[in-house]
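A.B. asks: The structure follows.
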Amino acid sequence: MSEALATISRPQRWDVPFESEMGAEAVARILSIPPFSQIDASRFPASTSLPDILLNDTGLRSFKKNQVIVREGDYGNSAFFIITGSVRAALGKDAIPAEVLGRRQPEKKDFLSTLRQLWGNARYPEVRSLRRYKDAKAGTEHEKVDTTAIFLHDIPSVLKGGTAVLTAGMFFGEIAALSRTPRTATIFAEEDCELLEIRWQGLRELRLRAPEIKQFIDTNYRKYSLENHLRETKYFKDLSPAELKEVANQTRFETYGSFDWHSNYKKNRDVAPEERIKEEPLIAEEGQYANGLVLIRAGFARMSQKYNQGERTASYLSRGQMFGFDEIAHNWNSKDSAPLQYTLRALGYVDVLVVPTSVVEQYILPKIPQSEFPPPIVAQIKQINDRRDGELSTDVVEFLVDNRFINGRATMVMDLDRCTRCDDCIRACASAHDNNPRFVRHGHQIGRYMIANACMHCLDPVCMIGCPTGAIHRNALGGQVVINDTTCIGCSTCANSCPYNNIQMVEIRNEFGEHILDQESRPVTKAAKCDLCVEQVTGPACINACPHDALTRVDMQDTQTFAKWLQR
Amino acid sequence: MASTLTFFSKRRLINFGLLLSAVAAFWVLQEIYANGIHATAILSGATLFGTCLVLALFNARKKLPFIPLLKASTWTQFHIYAGWFAVVVFFFHTGLRLPDGRFEIALYIVFLAVALSGVLGLIISRIYPSRLRLYGENLIYERIPGLRQQLQTDVEKIIWKSVNETKSFTLARMYESKLKDYFSTKKNTLLHLVGSEEAVNDLTEELNQLQRYMVASERVFLAEIIECVKAKDNLDMQATCQGVLKYWLFIHIPLTFSLLLMGLLHGLMALAFN
Ligand code: SF4
Ligand code: SF4
Ligand code: SF4
């Protein structure tokens, strides 16, 4: 094989722009529109100048009247800025039925491609076709959800809830893009409109260096998304629009911990758990009066209770869950007063909304039927491991929280008392992935269970934070965290960020098994990790291949299913 | 009662029920054909051969993890119970006595060997995993030789340090006479297979006995060496049990293929000569 054929230029951040048709003229036009026109371009370094960000991280999109722009539930890797026209957001959960939204299943390999793996797999590990890099086009197969063909007809009849109109000069979709969470509303064009789509890497830099943009986006959230968030919360659904507005006005935003929590976590990993818990930012303390209902907006929090000289973790809360309701309800309903029964602490980073107790008492509690009230709080002495069937035991909860495995949506758990170490799972994974398994059968252990080193497709995938090209992203349909090999520049940022060491950097080869080199004869590396077999018709090959029911994937938010698996 | 059963117990009950039903159905069929010895032999022979063929497909299924052909664990369950079914049919077919003819005797023995290796495989796959976990650190099989080498290097360093610092040779002599060999290769395979810790206990006891001949500073090194002996024992135990778990299939599978080939020949001959 000639050396020239095994050599490519070292991939760079903007080798593959977000939109190939973005040109200097379009950039100049955007820069003339507020708030972009108000940005002080000198705050950006030369390597990532403002025009370069607009050129490479944004794209112009036109939408026709009633065309769907983003769908509720899809994972968004980008935000939108309205240049002309207006859009409408359908508010409330499942505001538009899934059939109307043309929701489809994630694309899988067809029958022939599935079969072709039998003979088509390369003989060497990590073989890549060089053509793939040379012909790389803007965007990627997974990053964007194709909504071009979806139009809403007869809107009044398909809409279940209310709507809100967003007009030229506003942003939307930034929360999902920046917090790595699914879109909370479906948005469609109110009239023909032109939008600027910004991939989140660009948006992050704009927020970082242009306070105008940050301010703009934050005000936007308070104005438009808060009510939507509250409306989706249990007990808030029955509020009238006026009441909801009033509750939203009195709600406080609070943020604990740092957004890039992984660096701190890695540093403190060896600190004893009882010491580490003291470092976790306190949100509410056991024994204090419940002066507000805490709603988790993003991130994780630990609920713990004093136990002898330490603290026992009772459970963990994540997006959409609340804290303090039982106590507020008890105090409102009975003569005696009960203080908070648990302490709530931020695990890494958490964004909360606090609805003051007086507001809950005035607007929420009177609407709840007596039968739905939580049982009164009775002082009782809790014992370690006094769990019922279908609940995780204290040691498991402590283990999951201490190691932050609570972040996993598809955590690989192995039962070592059933696992015969046959490695069928490893071989299956390798045969589905460039002859190189995407996980290691090794990891932290609690009793007979092991959390293997396999990507957990986290609720908060911090590995995505620093990726300069957006190569690591969420699959828009299933939310799996996947890597676009074409746009990965091998910088290792994601591998260093993953708190669980679940990304490997691999040296790629050509079909003859030779390493692919860059111009300076250094091997070209790419990030590789489990993609949950997103393209395989069978789903995760590892689970499928295990002959002894020793391996499963667990969504740590669904503790009941996990407890059931542990108690099989 | 039923609600207190775990998933695995429920599954075991259902599978056992299915096995009994299959045996009963087979027995009824045999009775229907009982009027002719030849017909029952063909029925049981064909059932046996067909079952073995399906059982052998499990190996092919393992090579096709990305094709939707049910989960491997479902195949394992089927394999276990269909295996028991094959054993029952085998005894129906042979009538619980050794056949005539050398080829048939060979076939008889090969079947028993396949069945026995299968049962042994099942037993070790149920016993060894927890033993591996409880014995010591969970290790990746392929890394064990490297870890063993590393451990031996570490032990030699400790011995050198001990000699340099204490100027006493008790440990060094022990290393030369006994420990060098212990650390250089896998030891006590048979004892590990049956789960005995006798060898490591004897060795640590022997090392502990040395204390009385040591200066105080040398005892610190002795304690380190004892830890290394235990670590080496875990390496050996992991290598032995994981090795057996991995390689018993290298007996079971080739025997199965021989069985299929011989079974086919036997069937053809039986049909041709009757
Ligand atoms: S790579 Fe790491 S941080 Fe990213 S989703 Fe996977 S486990 Fe989570
Ligand atoms: S889901 Fe697929 S890629 Fe991920 S570990 Fe399992 S087999 Fe490998
Ligand atoms: S396939 Fe199952 S039994 Fe085999 S090594 Fe993997 S988890 Fe263990």
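The way I read the labels, and the way they are meant: chains A, B, ... in the order of the structure tokens, residue 1 as the first residue of every chain, and ligand 1 as the first ligand shown, with later ones counted on from there.
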Please check the contacts: residues of chain A at most 8 Å away from chain B, using only C-alpha atoms, listed as a PyMOL selection string.

C.D. replies: chain A and resi 114-115+118+416-422+424+428+431-432+441-442+448+536-538+541+543-549+567-568

A.B. asks: Please, could you write that set of residues out with N, CA and C atoms as a tab-separated table (two decimals), in the first residue's frame?

C.D. replies:
```tsv
chain	number	residue	atom	x	y	z
A	114	THR	N	-27.16	-6.01	7.36
A	114	THR	CA	-26.98	-6.84	8.56
A	114	THR	C	-26.25	-8.12	8.18
A	115	LEU	N	-26.73	-8.76	7.10
A	115	LEU	CA	-26.09	-10.00	6.68
A	115	LEU	C	-24.66	-9.77	6.23
A	118	LEU	N	-21.48	-10.46	8.04
A	118	LEU	CA	-20.94	-11.81	8.18
A	118	LEU	C	-19.62	-11.96	7.45
A	416	LEU	N	-21.92	-10.98	38.54
A	416	LEU	CA	-20.70	-11.80	38.50
A	416	LEU	C	-20.94	-13.22	38.99
A	417	ASP	N	-22.06	-13.44	39.65
A	417	ASP	CA	-22.33	-14.82	40.07
A	417	ASP	C	-22.99	-15.62	38.96
A	418	ARG	N	-23.32	-14.96	37.86
A	418	ARG	CA	-23.83	-15.69	36.70
A	418	ARG	C	-22.86	-15.61	35.53
A	419	CYS	N	-22.00	-14.60	35.56
A	419	CYS	CA	-21.09	-14.38	34.43
A	419	CYS	C	-19.99	-15.43	34.43
A	420	THR	N	-19.90	-16.19	33.35
A	420	THR	CA	-18.88	-17.25	33.28
A	420	THR	C	-17.59	-16.74	32.65
A	421	ARG	N	-17.49	-15.44	32.46
A	421	ARG	CA	-16.29	-14.81	31.85
A	421	ARG	C	-16.03	-15.40	30.46
A	422	CYS	N	-17.11	-15.75	29.74
A	422	CYS	CA	-16.93	-16.39	28.43
A	422	CYS	C	-16.56	-15.39	27.35
A	424	ASP	N	-18.41	-13.78	25.35
A	424	ASP	CA	-19.29	-13.73	24.18
A	424	ASP	C	-19.79	-12.30	23.95
A	428	ALA	N	-19.22	-10.26	20.54
A	428	ALA	CA	-20.38	-9.75	19.80
A	428	ALA	C	-20.21	-8.26	19.55
A	431	SER	N	-17.65	-7.70	16.85
A	431	SER	CA	-18.08	-8.03	15.49
A	431	SER	C	-19.05	-6.98	14.96
A	432	ALA	N	-19.68	-6.25	15.85
A	432	ALA	CA	-20.59	-5.20	15.38
A	432	ALA	C	-19.88	-3.84	15.27
A	441	ARG	N	-14.73	-5.54	30.11
A	441	ARG	CA	-15.46	-6.31	31.11
A	441	ARG	C	-14.76	-6.15	32.46
A	442	HIS	N	-14.81	-4.97	32.98
A	442	HIS	CA	-14.10	-4.64	34.19
A	442	HIS	C	-14.76	-3.38	34.73
A	448	ARG	N	-22.10	-8.83	44.28
A	448	ARG	CA	-21.97	-9.69	43.10
A	448	ARG	C	-22.17	-8.91	41.79
A	536	GLN	N	-27.87	-1.52	14.83
A	536	GLN	CA	-28.09	-2.97	14.71
A	536	GLN	C	-29.56	-3.30	14.93
A	537	VAL	N	-30.08	-4.20	14.11
A	537	VAL	CA	-31.49	-4.55	14.25
A	537	VAL	C	-31.77	-5.25	15.57
A	538	THR	N	-30.77	-5.89	16.12
A	538	THR	CA	-30.97	-6.65	17.36
A	538	THR	C	-30.96	-5.77	18.60
A	541	ALA	N	-25.80	-5.62	21.06
A	541	ALA	CA	-25.31	-6.96	20.78
A	541	ALA	C	-24.84	-7.66	22.05
A	543	ILE	N	-26.03	-7.56	25.15
A	543	ILE	CA	-27.12	-8.19	25.92
A	543	ILE	C	-27.58	-9.44	25.19
A	544	ASN	N	-27.70	-9.28	23.88
A	544	ASN	CA	-28.18	-10.38	23.06
A	544	ASN	C	-27.29	-11.59	23.10
A	545	ALA	N	-25.98	-11.32	23.27
A	545	ALA	CA	-25.01	-12.41	23.15
A	545	ALA	C	-24.78	-13.13	24.46
A	546	CYS	N	-25.18	-12.54	25.57
A	546	CYS	CA	-24.85	-13.16	26.86
A	546	CYS	C	-25.69	-14.43	27.07
A	547	PRO	N	-25.04	-15.58	27.17
A	547	PRO	CA	-25.80	-16.82	27.27
A	547	PRO	C	-26.34	-17.08	28.67
A	548	HIS	N	-25.91	-16.29	29.65
A	548	HIS	CA	-26.27	-16.65	31.02
A	548	HIS	C	-27.09	-15.59	31.75
A	549	ASP	N	-27.72	-14.71	31.02
A	549	ASP	CA	-28.52	-13.64	31.64
A	549	ASP	C	-27.71	-12.88	32.68
A	567	GLN	N	-33.19	-8.49	42.14
A	567	GLN	CA	-33.85	-9.49	43.01
A	567	GLN	C	-34.39	-10.67	42.22
A	568	ARG	N	-33.89	-10.91	40.98
A	568	ARG	CA	-34.47	-11.97	40.15
A	568	ARG	C	-34.30	-13.34	40.80
```

A.B. asks: I'd like the contact shell of A:Thr184 - 12 Å cut-off, only C-alpha atoms, skipping same-chain residues fewer than 6 positions apart - returned as number ranges by chain.

C.D. replies: A: 70-76, 89-96, 172-177, 224-232, 297, 320

A.B. asks: Identify, on the basis of only C-alpha atoms, every residue whose closest approach to A:Tyr133 does not exceed 9 Å; exclude the query and any residue fewer than 5 positions from it along the same chain; express the result as a count of residues only.

C.D. replies: 6

A.B. asks: Could you report the residues within 8 Å of ligand 1, using only C-alpha atoms and all ligand atoms, as a PDB file with N, CA, C and O atoms, in the first residue's frame?

C.D. replies:
```
ATOM      1  N   ASN A 407     -26.137   8.681  36.751  1.00  0.00           N
ATOM      2  CA  ASN A 407     -26.212   9.439  35.497  1.00  0.00           C
ATOM      3  C   ASN A 407     -26.593   8.543  34.315  1.00  0.00           C
ATOM      4  O   ASN A 407     -27.002   9.019  33.269  1.00  0.00           O
ATOM      5  N   GLY A 408     -26.496   7.227  34.501  1.00  0.00           N
ATOM      6  CA  GLY A 408     -26.648   6.317  33.360  1.00  0.00           C
ATOM      7  C   GLY A 408     -28.088   6.105  32.925  1.00  0.00           C
ATOM      8  O   GLY A 408     -28.968   5.920  33.744  1.00  0.00           O
ATOM      9  N   ALA A 454     -18.515   0.619  30.170  1.00  0.00           N
ATOM     10  CA  ALA A 454     -19.184   0.790  28.874  1.00  0.00           C
ATOM     11  C   ALA A 454     -19.959   2.100  28.960  1.00  0.00           C
ATOM     12  O   ALA A 454     -20.510   2.403  30.024  1.00  0.00           O
ATOM     13  N   CYS A 455     -19.994   2.831  27.877  1.00  0.00           N
ATOM     14  CA  CYS A 455     -20.708   4.114  27.901  1.00  0.00           C
ATOM     15  C   CYS A 455     -22.125   3.897  28.424  1.00  0.00           C
ATOM     16  O   CYS A 455     -22.807   2.951  28.045  1.00  0.00           O
ATOM     17  N   MET A 456     -22.553   4.797  29.306  1.00  0.00           N
ATOM     18  CA  MET A 456     -23.860   4.634  29.958  1.00  0.00           C
ATOM     19  C   MET A 456     -24.942   5.486  29.276  1.00  0.00           C
ATOM     20  O   MET A 456     -26.057   5.535  29.731  1.00  0.00           O
ATOM     21  N   HIS A 457     -24.572   6.226  28.248  1.00  0.00           N
ATOM     22  CA  HIS A 457     -25.513   7.088  27.521  1.00  0.00           C
ATOM     23  C   HIS A 457     -26.242   7.987  28.524  1.00  0.00           C
ATOM     24  O   HIS A 457     -27.471   7.967  28.648  1.00  0.00           O
ATOM     25  N   CYS A 458     -25.399   8.762  29.199  1.00  0.00           N
ATOM     26  CA  CYS A 458     -25.829   9.485  30.394  1.00  0.00           C
ATOM     27  C   CYS A 458     -26.972  10.478  30.185  1.00  0.00           C
ATOM     28  O   CYS A 458     -27.158  11.024  29.098  1.00  0.00           O
ATOM     29  N   LEU A 459     -27.652  10.714  31.290  1.00  0.00           N
ATOM     30  CA  LEU A 459     -28.670  11.755  31.323  1.00  0.00           C
ATOM     31  C   LEU A 459     -27.963  13.100  31.119  1.00  0.00           C
ATOM     32  O   LEU A 459     -28.447  13.969  30.422  1.00  0.00           O
ATOM     33  N   ASP A 460     -26.830  13.235  31.769  1.00  0.00           N
ATOM     34  CA  ASP A 460     -26.021  14.437  31.572  1.00  0.00           C
ATOM     35  C   ASP A 460     -24.670  14.013  30.986  1.00  0.00           C
ATOM     36  O   ASP A 460     -23.722  13.772  31.723  1.00  0.00           O
ATOM     37  N   PRO A 461     -24.586  13.912  29.669  1.00  0.00           N
ATOM     38  CA  PRO A 461     -23.342  13.424  29.070  1.00  0.00           C
ATOM     39  C   PRO A 461     -22.268  14.512  29.048  1.00  0.00           C
ATOM     40  O   PRO A 461     -22.127  15.253  28.070  1.00  0.00           O
ATOM     41  N   VAL A 462     -21.512  14.603  30.119  1.00  0.00           N
ATOM     42  CA  VAL A 462     -20.514  15.670  30.225  1.00  0.00           C
ATOM     43  C   VAL A 462     -19.384  15.498  29.204  1.00  0.00           C
ATOM     44  O   VAL A 462     -18.643  16.429  28.942  1.00  0.00           O
ATOM     45  N   CYS A 463     -19.286  14.309  28.630  1.00  0.00           N
ATOM     46  CA  CYS A 463     -18.271  14.081  27.591  1.00  0.00           C
ATOM     47  C   CYS A 463     -18.493  15.036  26.421  1.00  0.00           C
ATOM     48  O   CYS A 463     -17.574  15.335  25.670  1.00  0.00           O
ATOM     49  N   MET A 464     -19.728  15.510  26.254  1.00  0.00           N
ATOM     50  CA  MET A 464     -20.022  16.370  25.104  1.00  0.00           C
ATOM     51  C   MET A 464     -19.563  17.810  25.329  1.00  0.00           C
ATOM     52  O   MET A 464     -19.457  18.584  24.373  1.00  0.00           O
ATOM     53  N   GLN A 480     -29.277   8.300  22.250  1.00  0.00           N
ATOM     54  CA  GLN A 480     -28.002   7.637  22.554  1.00  0.00           C
ATOM     55  C   GLN A 480     -26.871   8.621  22.275  1.00  0.00           C
ATOM     56  O   GLN A 480     -26.962   9.432  21.364  1.00  0.00           O
ATOM     57  N   VAL A 481     -25.817   8.537  23.086  1.00  0.00           N
ATOM     58  CA  VAL A 481     -24.676   9.425  22.856  1.00  0.00           C
ATOM     59  C   VAL A 481     -23.762   8.712  21.859  1.00  0.00           C
ATOM     60  O   VAL A 481     -23.274   7.610  22.131  1.00  0.00           O
ATOM     61  N   CYS A 494     -13.246  14.533  24.832  1.00  0.00           N
ATOM     62  CA  CYS A 494     -14.374  13.755  25.370  1.00  0.00           C
ATOM     63  C   CYS A 494     -13.865  12.638  26.271  1.00  0.00           C
ATOM     64  O   CYS A 494     -14.410  12.407  27.347  1.00  0.00           O
ATOM     65  N   ALA A 495     -12.790  11.968  25.834  1.00  0.00           N
ATOM     66  CA  ALA A 495     -12.252  10.850  26.613  1.00  0.00           C
ATOM     67  C   ALA A 495     -11.779  11.344  27.981  1.00  0.00           C
ATOM     68  O   ALA A 495     -11.973  10.680  28.991  1.00  0.00           O
ATOM     69  N   SER A 497     -12.961  13.966  29.486  1.00  0.00           N
ATOM     70  CA  SER A 497     -14.093  14.506  30.254  1.00  0.00           C
ATOM     71  C   SER A 497     -14.963  13.416  30.850  1.00  0.00           C
ATOM     72  O   SER A 497     -15.576  13.630  31.892  1.00  0.00           O
ATOM     73  N   CYS A 498     -15.064  12.285  30.175  1.00  0.00           N
ATOM     74  CA  CYS A 498     -15.973  11.239  30.666  1.00  0.00           C
ATOM     75  C   CYS A 498     -15.530  10.814  32.069  1.00  0.00           C
ATOM     76  O   CYS A 498     -14.434  10.303  32.249  1.00  0.00           O
ATOM     77  N   PRO A 499     -16.353  11.026  33.083  1.00  0.00           N
ATOM     78  CA  PRO A 499     -15.938  10.710  34.449  1.00  0.00           C
ATOM     79  C   PRO A 499     -15.780   9.219  34.673  1.00  0.00           C
ATOM     80  O   PRO A 499     -15.261   8.800  35.688  1.00  0.00           O
ATOM     81  N   TYR A 500     -16.268   8.422  33.752  1.00  0.00           N
ATOM     82  CA  TYR A 500     -16.286   6.969  33.957  1.00  0.00           C
ATOM     83  C   TYR A 500     -15.262   6.241  33.089  1.00  0.00           C
ATOM     84  O   TYR A 500     -15.266   5.015  33.023  1.00  0.00           O
ATOM     85  N   ASN A 501     -14.421   7.011  32.391  1.00  0.00           N
ATOM     86  CA  ASN A 501     -13.400   6.436  31.498  1.00  0.00           C
ATOM     87  C   ASN A 501     -13.993   5.475  30.476  1.00  0.00           C
ATOM     88  O   ASN A 501     -13.469   4.379  30.267  1.00  0.00           O
ATOM     89  N   ASN A 502     -15.073   5.871  29.865  1.00  0.00           N
ATOM     90  CA  ASN A 502     -15.737   4.960  28.939  1.00  0.00           C
ATOM     91  C   ASN A 502     -15.485   5.277  27.473  1.00  0.00           C
ATOM     92  O   ASN A 502     -16.139   4.709  26.604  1.00  0.00           O
ATOM     93  N   ILE A 503     -14.562   6.192  27.202  1.00  0.00           N
ATOM     94  CA  ILE A 503     -14.225   6.472  25.794  1.00  0.00           C
ATOM     95  C   ILE A 503     -12.770   6.069  25.581  1.00  0.00           C
ATOM     96  O   ILE A 503     -11.906   6.400  26.387  1.00  0.00           O
ATOM     97  N   LYS A 529     -16.468   4.505  21.326  1.00  0.00           N
ATOM     98  CA  LYS A 529     -17.174   4.052  22.531  1.00  0.00           C
ATOM     99  C   LYS A 529     -18.439   3.333  22.118  1.00  0.00           C
ATOM    100  O   LYS A 529     -18.790   3.325  20.934  1.00  0.00           O
ATOM    101  N   CYS A 530     -19.092   2.764  23.103  1.00  0.00           N
ATOM    102  CA  CYS A 530     -20.343   2.043  22.844  1.00  0.00           C
ATOM    103  C   CYS A 530     -21.380   3.003  22.253  1.00  0.00           C
ATOM    104  O   CYS A 530     -21.547   4.113  22.754  1.00  0.00           O
TER     105      CYS A 530
END
```

A.B. asks: Neighbours of ligand 2 at 6 Å or closer, counting only C-alpha atoms and all ligand atoms: which residues, as a list in words?

C.D. replies: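 Residues lying within 6 Å of ligand 2: Cys429, Arg438, Phe439, Ala454, Cys530, Asp531, Leu532, Cys533, Pro540, Ala541 and Cys542 of chain A.
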
A.B. asks: DSSP on the backbone: which residues in stretch 44-276 of chain A end up as strand (DSSP E)? Give the answer as a PyMOL selection string.

C.D. replies: chain A and resi 58-63+68-70+78-84+86-90+163-167+171-172+186-189+193-199+252-257

A.B. asks: Env of A:Leu340: 12 Å cut, atoms = only C-alpha atoms, seq-sep filter 4 positions within chain, self excluded. Answer as number ranges by chain.

C.D. replies: A: 283-294, 303-306, 323-331, 344, 377, 379

A.B. asks: Using the selection just defined, write its residues with C-alpha atoms as a PDB file, in the first residue's frame.

C.D. replies:
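The resulting again-v2.pdb:
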```pdb
ATOM      1  CA  ILE A 283     -29.864  22.814  48.990  1.00  0.00           C
ATOM      2  CA  ALA A 284     -32.115  22.037  51.971  1.00  0.00           C
ATOM      3  CA  GLU A 285     -31.359  20.580  55.383  1.00  0.00           C
ATOM      4  CA  GLU A 286     -33.066  17.897  57.433  1.00  0.00           C
ATOM      5  CA  GLY A 287     -34.756  19.328  60.516  1.00  0.00           C
ATOM      6  CA  GLN A 288     -35.308  22.761  58.983  1.00  0.00           C
ATOM      7  CA  TYR A 289     -38.722  24.197  58.116  1.00  0.00           C
ATOM      8  CA  ALA A 290     -39.689  23.484  54.483  1.00  0.00           C
ATOM      9  CA  ASN A 291     -39.857  26.993  53.105  1.00  0.00           C
ATOM     10  CA  GLY A 292     -40.169  25.998  49.486  1.00  0.00           C
ATOM     11  CA  LEU A 293     -40.936  23.185  47.113  1.00  0.00           C
ATOM     12  CA  VAL A 294     -37.766  22.279  45.244  1.00  0.00           C
ATOM     13  CA  MET A 303     -31.471  12.897  49.458  1.00  0.00           C
ATOM     14  CA  SER A 304     -29.913  11.803  52.707  1.00  0.00           C
ATOM     15  CA  GLN A 305     -30.808  11.369  56.336  1.00  0.00           C
ATOM     16  CA  LYS A 306     -28.708  11.574  59.482  1.00  0.00           C
ATOM     17  CA  PHE A 323     -38.371  17.658  47.171  1.00  0.00           C
ATOM     18  CA  GLY A 324     -40.222  18.914  50.223  1.00  0.00           C
ATOM     19  CA  PHE A 325     -43.756  18.288  49.049  1.00  0.00           C
ATOM     20  CA  ASP A 326     -44.653  15.724  51.734  1.00  0.00           C
ATOM     21  CA  GLU A 327     -43.615  18.075  54.527  1.00  0.00           C
ATOM     22  CA  ILE A 328     -45.429  21.102  53.061  1.00  0.00           C
ATOM     23  CA  ALA A 329     -48.571  19.025  52.557  1.00  0.00           C
ATOM     24  CA  HIS A 330     -48.332  17.587  56.080  1.00  0.00           C
ATOM     25  CA  ASN A 331     -47.955  21.005  57.684  1.00  0.00           C
ATOM     26  CA  LEU A 344     -30.902  17.607  49.817  1.00  0.00           C
ATOM     27  CA  ILE A 377     -45.356  12.133  58.403  1.00  0.00           C
ATOM     28  CA  ALA A 379     -41.513  10.113  63.288  1.00  0.00           C
TER      29      ALA A 379
END
```

A.B. asks: Which residue, B:Tyr81, B:Leu57, B:Cys228, B:His266, has the smallest gap to B:Arg11 when you use only C-alpha atoms?

C.D. replies: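 Selected residue with least distance to B:Arg11: B:Tyr81.
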
A.B. asks: Excluding B:Leu260 and any residue of its chain fewer than 6 positions from it, enumerate the residues within 12 Å of it, using only C-alpha atoms, and give them as a ChimeraX atom specification.

C.D. replies: /B:46,48-57,107,110-111,114,253-254,266-267

A.B. asks: What does the structure give for the distance between atom CA of A:Glu254 and atom CA of A:Asn77, in Å to one decimal?

C.D. replies: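 Between these atoms lies a distance of 24.5 Å.
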
A.B. asks: Quick one: residues within 12 Å of stretch 390-395 of chain A, only C-alpha atoms counted, chain neighbours fewer than 6 positions away excluded, as a PyMOL selection string?

C.D. replies: chain A and resi 303-305+307+311-316+382-384+401-402+445-447+449+556-568

A.B. asks: With only C-alpha atoms as the basis for distance, which of A:Asp238, A:Asp555, A:Asp52, A:Asp40 is at the shortest distance from A:Ala24?

C.D. replies: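 So, comparing all the options, the nearest one is A:Asp52.
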
A.B. asks: In Å, with one decimal, what is the gap from atom CA of B:Val194 to atom CA of B:Gln152?

C.D. replies: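 If I compute the distance from atom CA of B:Val194 to atom CA of B:Gln152, I get 25.6 Å.
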